[in-house]
Amino acid sequence: MTAQEKLARLRERLGRMGAVAVAFSAGVDSTFLLKAAHDVLGDKAMAVTARSVFCPERESAEAEAFCRENGIELVWVDFDPLAVEGVRDNPPERCYLCKRALFERIRAVAAGRGIDWVAEGSNLDDMGDYRPGMRAVAELGIASPLREAGMTKADIRALSRQMGLPTWDKPSYACLASRFVYGETLTAEKLARTDRAEQILLKLGFRQMRVRVHGDVARIEVPAEDFGRLLDHAGELDEQLRALGFAYVTMDLGGYKTGSMNRTLAAARGNG
């Protein structure tokens with residue numbers, strides 16, 4: 001099935017919903033889903049975005065700008081994931097606990113507007129990694145229209161480019177909690193420090209990157225093709241990240257990998 005055929009299937013599915021609240025993070029997938037929903041449903045498609053210590057500040061600003069520029073209603077939900085029982089301990093099931101609490105809030109917002117459907121932006125490629133949040137999506141009856149239409153990340157990027165969406169080549173940015181080794185206690189201060197560390201890398205021109213946190217060690221991941229450029233900035237990065245409170249700043253020789261903290265799952269479960 002071609003990407004255009006999948007798009008037609010997506011539009012048909014959205015049309016049957018009649019009205020939808022899209023969980024909007026300003027990432028590649030949720031931006032595409034929100035735009036498609038708005039194209040089909042007009043003002044019966046709204047965005048719901050969480051203000052949270054798990055969300056980088058830059059993502060919140062981009063969410064607001066996109067909705068303003070496209071005339072889409074945006075509703076903010078103030079959400080404290082660290083207040084959800086168990087999340088602060090950062091167990092392997094953290095994403096399930098957080099997503100379930102957040103989608104319950106989003107579902108309540110939608111119901112208050114008379115909207116029956118809440119949709120999220122996962123695609124077929126998201127089924128290949130450890131993603132406990134998908135269990136919460138299934139339990140709460142949250143729709144996943146991109147997966148239902150058979151769309152992959154490549155489909156979404158190609159169609160986003162055709163539609164002129166600014167996110168078509170945007171790197172993937174997961175929530176800040178994914179930067180921490182399982183079992184490390186999460187605090188607002190640690191999350192903010194990690195956000196600031198990644199902002200330093202972004203200002204240096206690194207687009208696809210992560211700052212993974214192991215206690216007082218910051219482990220920088222960039223694609224292999226950026227190794228040389230990272231080493232060119234090694235001195236200033238070491239200085240600036242240590243100024244944030246990290247004792248050691250390292251470079252991961254394996255390069256950037258999405259979900260790399262999942263390598264520690266067996267150990268984390270053994271200690272749980």
# chains A, B, ... in the order shown; residues from 1 in each chain; ligands from 1

$ closest_atom_pairs --of "region 139-234 of chain A" --to "region 38-57 of chain A" --cutoff "10 Å" --atoms "only C-alpha atoms" --output "JSON lines"
{"residue": "A:Tyr173", "atom": "CA", "partner": "A:Pro56", "partner_atom": "CA", "distance": 8.8}
{"residue": "A:Ala174", "atom": "CA", "partner": "A:Cys55", "partner_atom": "CA", "distance": 8.4}
{"residue": "A:Cys175", "atom": "CA", "partner": "A:Phe54", "partner_atom": "CA", "distance": 5.3}
{"residue": "A:Leu176", "atom": "CA", "partner": "A:Phe54", "partner_atom": "CA", "distance": 4.9}
{"residue": "A:Ala177", "atom": "CA", "partner": "A:Phe54", "partner_atom": "CA", "distance": 5.9}
{"residue": "A:Ser178", "atom": "CA", "partner": "A:Phe54", "partner_atom": "CA", "distance": 8.9}
{"residue": "A:Leu186", "atom": "CA", "partner": "A:Phe54", "partner_atom": "CA", "distance": 10.0}
{"residue": "A:Thr187", "atom": "CA", "partner": "A:Val53", "partner_atom": "CA", "distance": 8.8}
{"residue": "A:Ala188", "atom": "CA", "partner": "A:Val53", "partner_atom": "CA", "distance": 6.2}
{"residue": "A:Glu189", "atom": "CA", "partner": "A:Val53", "partner_atom": "CA", "distance": 9.1}
{"residue": "A:Lys190", "atom": "CA", "partner": "A:Val53", "partner_atom": "CA", "distance": 9.8}
{"residue": "A:Leu191", "atom": "CA", "partner": "A:Val53", "partner_atom": "CA", "distance": 6.7}
{"residue": "A:Ala192", "atom": "CA", "partner": "A:Val53", "partner_atom": "CA", "distance": 7.3}
{"residue": "A:Thr194", "atom": "CA", "partner": "A:Pro56", "partner_atom": "CA", "distance": 9.3}
{"residue": "A:Asp195", "atom": "CA", "partner": "A:Pro56", "partner_atom": "CA", "distance": 6.0}
{"residue": "A:Arg196", "atom": "CA", "partner": "A:Pro56", "partner_atom": "CA", "distance": 8.9}
{"residue": "A:Glu198", "atom": "CA", "partner": "A:Pro56", "partner_atom": "CA", "distance": 9.3}
{"residue": "A:Gln199", "atom": "CA", "partner": "A:Pro56", "partner_atom": "CA", "distance": 9.2}

$ select_by_dssp --residues "region 25-260 of chain A" --states "alpha helix (DSSP H)" --output "VMD selection string"
chain A and resid 28 to 41 57 to 70 94 to 112 133 to 140 145 to 148 153 to 162 188 to 203 227 to 232 234 to 243

$ residues_around --residues "region 200-209 of chain A" --least-positions-apart "6" --cutoff "10 Å" --atoms "only C-alpha atoms" --output "VMD selection string"
chain A and resid 170 to 173 194 220 to 223 226 229 to 230 233 236 to 237 240 to 241 255 to 258

$ write_last_selection --atoms "C-alpha atoms" --output "mmCIF file, in the first residue's frame"
data_model
loop_
_atom_site.group_PDB
_atom_site.id
_atom_site.type_symbol
_atom_site.label_atom_id
_atom_site.label_comp_id
_atom_site.auth_asym_id
_atom_site.auth_seq_id
_atom_site.Cartn_x
_atom_site.Cartn_y
_atom_site.Cartn_z
ATOM 1 C CA LYS A 170 12.592 16.953 12.784
ATOM 2 C CA PRO A 171 14.666 14.596 14.939
ATOM 3 C CA SER A 172 12.832 12.424 17.436
ATOM 4 C CA TYR A 173 12.749 13.729 21.008
ATOM 5 C CA THR A 194 19.226 17.422 31.493
ATOM 6 C CA ILE A 220 26.323 12.094 25.221
ATOM 7 C CA GLU A 221 24.913 10.204 22.257
ATOM 8 C CA VAL A 222 25.214 11.572 18.714
ATOM 9 C CA PRO A 223 25.198 9.730 15.366
ATOM 10 C CA ASP A 226 28.901 13.637 14.225
ATOM 11 C CA ARG A 229 32.334 17.521 15.444
ATOM 12 C CA LEU A 230 31.487 16.483 19.000
ATOM 13 C CA HIS A 233 33.645 20.843 21.101
ATOM 14 C CA GLU A 236 33.612 23.479 26.095
ATOM 15 C CA LEU A 237 31.030 20.718 26.513
ATOM 16 C CA GLN A 240 29.520 23.651 30.458
ATOM 17 C CA LEU A 241 27.972 20.337 31.517
ATOM 18 C CA GLY A 255 26.478 6.464 18.856
ATOM 19 C CA TYR A 256 22.894 7.651 19.106
ATOM 20 C CA LYS A 257 20.289 4.926 19.544
ATOM 21 C CA THR A 258 16.618 5.466 20.341
#

$ closest_residue --among "A:Ala243, A:Val213, A:Val118, A:Ala110" --to "Glu184 (chain A)" --atoms "only C-alpha atoms"
A:Val213

$ residues_around --residues "region 88-102 of chain A" --least-positions-apart "6" --cutoff "8 Å" --atoms "only C-alpha atoms" --output "PyMOL selection string"
chain A and resi 79+81-82+131-137+140+177+182-187+265+268-269+272

$ residues_around --residues "Lys153 (chain A)" --least-positions-apart "6" --cutoff "8 Å" --atoms "only C-alpha atoms" --output "list in words"
Asp29, Asn123, Leu124 and Asp125 of chain A

$ select_by_dssp --residues "region 77-256 of chain A" --states "strand (DSSP E or B)" --output "tab-separated table (two decimals) with C-alpha atoms, in the first residue's frame"
chain	number	residue	atom	x	y	z
A	77	VAL	CA	-3.05	20.38	30.71
A	78	ASP	CA	-0.84	21.06	33.71
A	117	TRP	CA	-12.43	10.34	20.82
A	118	VAL	CA	-8.88	10.90	22.04
A	119	ALA	CA	-6.10	10.02	19.60
A	143	ALA	CA	-7.26	5.71	19.26
A	180	PHE	CA	17.73	8.31	33.01
A	210	ARG	CA	20.67	12.65	23.73
A	211	VAL	CA	22.26	13.38	27.10
A	212	ARG	CA	21.77	10.15	29.06
A	213	VAL	CA	22.19	10.37	32.81
A	214	HIS	CA	23.83	7.80	35.08
A	217	VAL	CA	27.70	11.06	34.71
A	218	ALA	CA	26.36	12.64	31.50
A	219	ARG	CA	26.70	10.25	28.54
A	220	ILE	CA	26.32	12.09	25.22
A	221	GLU	CA	24.91	10.20	22.26
A	248	TYR	CA	31.85	13.48	34.44
A	249	VAL	CA	30.95	14.05	30.78
A	250	THR	CA	31.40	11.12	28.39
A	251	MET	CA	30.77	10.27	24.74

$ closest_residue --among "A:Leu10, A:Ala37, A:Ala21, A:Leu231" --to "Arg105 (chain A)" --atoms "only C-alpha atoms"
A:Ala21

$ atom_distance --atom1 "CA of Gly27 (chain A)" --atom2 "CA of Thr2 (chain A)"
22.8 Å

$ decode --residues "region 176-212 of chain A" --atoms "N, CA and C atoms" --output "PDB file, in the first residue's frame"
ATOM      1  N   LEU A 176      11.854  13.610  28.692  1.00  0.00           N
ATOM      2  CA  LEU A 176      13.128  13.732  29.395  1.00  0.00           C
ATOM      3  C   LEU A 176      13.386  12.572  30.356  1.00  0.00           C
ATOM      4  N   ALA A 177      12.345  11.926  30.838  1.00  0.00           N
ATOM      5  CA  ALA A 177      12.545  10.804  31.757  1.00  0.00           C
ATOM      6  C   ALA A 177      13.299   9.662  31.088  1.00  0.00           C
ATOM      7  N   SER A 178      13.207   9.573  29.768  1.00  0.00           N
ATOM      8  CA  SER A 178      13.881   8.488  29.047  1.00  0.00           C
ATOM      9  C   SER A 178      15.396   8.644  29.046  1.00  0.00           C
ATOM     10  N   ARG A 179      15.897   9.765  29.565  1.00  0.00           N
ATOM     11  CA  ARG A 179      17.349   9.989  29.611  1.00  0.00           C
ATOM     12  C   ARG A 179      18.008   9.326  30.823  1.00  0.00           C
ATOM     13  N   PHE A 180      17.197   8.797  31.744  1.00  0.00           N
ATOM     14  CA  PHE A 180      17.728   8.308  33.012  1.00  0.00           C
ATOM     15  C   PHE A 180      17.718   6.787  33.085  1.00  0.00           C
ATOM     16  N   VAL A 181      18.760   6.249  33.680  1.00  0.00           N
ATOM     17  CA  VAL A 181      18.832   4.808  33.858  1.00  0.00           C
ATOM     18  C   VAL A 181      17.682   4.377  34.770  1.00  0.00           C
ATOM     19  N   TYR A 182      17.056   3.237  34.470  1.00  0.00           N
ATOM     20  CA  TYR A 182      15.948   2.744  35.291  1.00  0.00           C
ATOM     21  C   TYR A 182      16.409   2.577  36.738  1.00  0.00           C
ATOM     22  N   GLY A 183      15.545   2.989  37.646  1.00  0.00           N
ATOM     23  CA  GLY A 183      15.841   2.873  39.066  1.00  0.00           C
ATOM     24  C   GLY A 183      16.434   4.123  39.674  1.00  0.00           C
ATOM     25  N   GLU A 184      16.888   5.071  38.848  1.00  0.00           N
ATOM     26  CA  GLU A 184      17.397   6.329  39.394  1.00  0.00           C
ATOM     27  C   GLU A 184      16.228   7.246  39.730  1.00  0.00           C
ATOM     28  N   THR A 185      16.189   7.745  40.936  1.00  0.00           N
ATOM     29  CA  THR A 185      15.105   8.616  41.363  1.00  0.00           C
ATOM     30  C   THR A 185      15.045   9.872  40.500  1.00  0.00           C
ATOM     31  N   LEU A 186      13.857  10.199  40.033  1.00  0.00           N
ATOM     32  CA  LEU A 186      13.658  11.375  39.191  1.00  0.00           C
ATOM     33  C   LEU A 186      13.244  12.565  40.049  1.00  0.00           C
ATOM     34  N   THR A 187      13.821  13.718  39.750  1.00  0.00           N
ATOM     35  CA  THR A 187      13.424  14.967  40.408  1.00  0.00           C
ATOM     36  C   THR A 187      13.283  16.049  39.347  1.00  0.00           C
ATOM     37  N   ALA A 188      12.556  17.084  39.681  1.00  0.00           N
ATOM     38  CA  ALA A 188      12.394  18.200  38.743  1.00  0.00           C
ATOM     39  C   ALA A 188      13.744  18.836  38.438  1.00  0.00           C
ATOM     40  N   GLU A 189      14.621  18.894  39.428  1.00  0.00           N
ATOM     41  CA  GLU A 189      15.937  19.512  39.235  1.00  0.00           C
ATOM     42  C   GLU A 189      16.783  18.702  38.258  1.00  0.00           C
ATOM     43  N   LYS A 190      16.786  17.379  38.392  1.00  0.00           N
ATOM     44  CA  LYS A 190      17.556  16.531  37.476  1.00  0.00           C
ATOM     45  C   LYS A 190      17.033  16.648  36.049  1.00  0.00           C
ATOM     46  N   LEU A 191      15.716  16.672  35.902  1.00  0.00           N
ATOM     47  CA  LEU A 191      15.112  16.773  34.574  1.00  0.00           C
ATOM     48  C   LEU A 191      15.452  18.110  33.929  1.00  0.00           C
ATOM     49  N   ALA A 192      15.363  19.192  34.693  1.00  0.00           N
ATOM     50  CA  ALA A 192      15.677  20.516  34.159  1.00  0.00           C
ATOM     51  C   ALA A 192      17.149  20.609  33.775  1.00  0.00           C
ATOM     52  N   ARG A 193      18.021  20.005  34.571  1.00  0.00           N
ATOM     53  CA  ARG A 193      19.452  20.020  34.260  1.00  0.00           C
ATOM     54  C   ARG A 193      19.721  19.293  32.933  1.00  0.00           C
ATOM     55  N   THR A 194      19.048  18.183  32.732  1.00  0.00           N
ATOM     56  CA  THR A 194      19.226  17.422  31.493  1.00  0.00           C
ATOM     57  C   THR A 194      18.706  18.202  30.296  1.00  0.00           C
ATOM     58  N   ASP A 195      17.587  18.877  30.476  1.00  0.00           N
ATOM     59  CA  ASP A 195      17.047  19.722  29.411  1.00  0.00           C
ATOM     60  C   ASP A 195      18.054  20.815  29.044  1.00  0.00           C
ATOM     61  N   ARG A 196      18.648  21.455  30.043  1.00  0.00           N
ATOM     62  CA  ARG A 196      19.629  22.511  29.786  1.00  0.00           C
ATOM     63  C   ARG A 196      20.870  21.952  29.076  1.00  0.00           C
ATOM     64  N   ALA A 197      21.282  20.743  29.462  1.00  0.00           N
ATOM     65  CA  ALA A 197      22.435  20.118  28.820  1.00  0.00           C
ATOM     66  C   ALA A 197      22.162  19.871  27.333  1.00  0.00           C
ATOM     67  N   GLU A 198      20.954  19.400  27.024  1.00  0.00           N
ATOM     68  CA  GLU A 198      20.635  19.155  25.615  1.00  0.00           C
ATOM     69  C   GLU A 198      20.484  20.460  24.842  1.00  0.00           C
ATOM     70  N   GLN A 199      20.025  21.506  25.501  1.00  0.00           N
ATOM     71  CA  GLN A 199      19.938  22.809  24.835  1.00  0.00           C
ATOM     72  C   GLN A 199      21.325  23.284  24.422  1.00  0.00           C
ATOM     73  N   ILE A 200      22.337  23.008  25.224  1.00  0.00           N
ATOM     74  CA  ILE A 200      23.712  23.380  24.878  1.00  0.00           C
ATOM     75  C   ILE A 200      24.136  22.687  23.586  1.00  0.00           C
ATOM     76  N   LEU A 201      23.825  21.404  23.481  1.00  0.00           N
ATOM     77  CA  LEU A 201      24.161  20.652  22.264  1.00  0.00           C
ATOM     78  C   LEU A 201      23.393  21.172  21.055  1.00  0.00           C
ATOM     79  N   LEU A 202      22.118  21.489  21.252  1.00  0.00           N
ATOM     80  CA  LEU A 202      21.320  22.034  20.158  1.00  0.00           C
ATOM     81  C   LEU A 202      21.886  23.352  19.653  1.00  0.00           C
ATOM     82  N   LYS A 203      22.329  24.206  20.564  1.00  0.00           N
ATOM     83  CA  LYS A 203      22.885  25.495  20.166  1.00  0.00           C
ATOM     84  C   LYS A 203      24.189  25.334  19.399  1.00  0.00           C
ATOM     85  N   LEU A 204      24.870  24.207  19.606  1.00  0.00           N
ATOM     86  CA  LEU A 204      26.092  23.927  18.863  1.00  0.00           C
ATOM     87  C   LEU A 204      25.799  23.281  17.505  1.00  0.00           C
ATOM     88  N   GLY A 205      24.523  23.062  17.215  1.00  0.00           N
ATOM     89  CA  GLY A 205      24.141  22.544  15.903  1.00  0.00           C
ATOM     90  C   GLY A 205      23.895  21.059  15.829  1.00  0.00           C
ATOM     91  N   PHE A 206      23.924  20.365  16.976  1.00  0.00           N
ATOM     92  CA  PHE A 206      23.629  18.928  16.973  1.00  0.00           C
ATOM     93  C   PHE A 206      22.114  18.744  17.007  1.00  0.00           C
ATOM     94  N   ARG A 207      21.569  18.044  16.023  1.00  0.00           N
ATOM     95  CA  ARG A 207      20.122  17.898  15.929  1.00  0.00           C
ATOM     96  C   ARG A 207      19.661  16.598  16.573  1.00  0.00           C
ATOM     97  N   GLN A 208      20.212  15.466  16.142  1.00  0.00           N
ATOM     98  CA  GLN A 208      19.833  14.183  16.728  1.00  0.00           C
ATOM     99  C   GLN A 208      20.837  13.840  17.819  1.00  0.00           C
ATOM    100  N   MET A 209      20.428  13.932  19.050  1.00  0.00           N
ATOM    101  CA  MET A 209      21.346  13.698  20.164  1.00  0.00           C
ATOM    102  C   MET A 209      20.538  13.383  21.413  1.00  0.00           C
ATOM    103  N   ARG A 210      21.237  12.861  22.406  1.00  0.00           N
ATOM    104  CA  ARG A 210      20.674  12.647  23.734  1.00  0.00           C
ATOM    105  C   ARG A 210      21.774  12.904  24.764  1.00  0.00           C
ATOM    106  N   VAL A 211      21.384  13.386  25.933  1.00  0.00           N
ATOM    107  CA  VAL A 211      22.256  13.380  27.104  1.00  0.00           C
ATOM    108  C   VAL A 211      21.646  12.377  28.068  1.00  0.00           C
ATOM    109  N   ARG A 212      22.246  11.202  28.154  1.00  0.00           N
ATOM    110  CA  ARG A 212      21.774  10.151  29.064  1.00  0.00           C
ATOM    111  C   ARG A 212      22.443  10.349  30.421  1.00  0.00           C
TER     112      ARG A 212
END
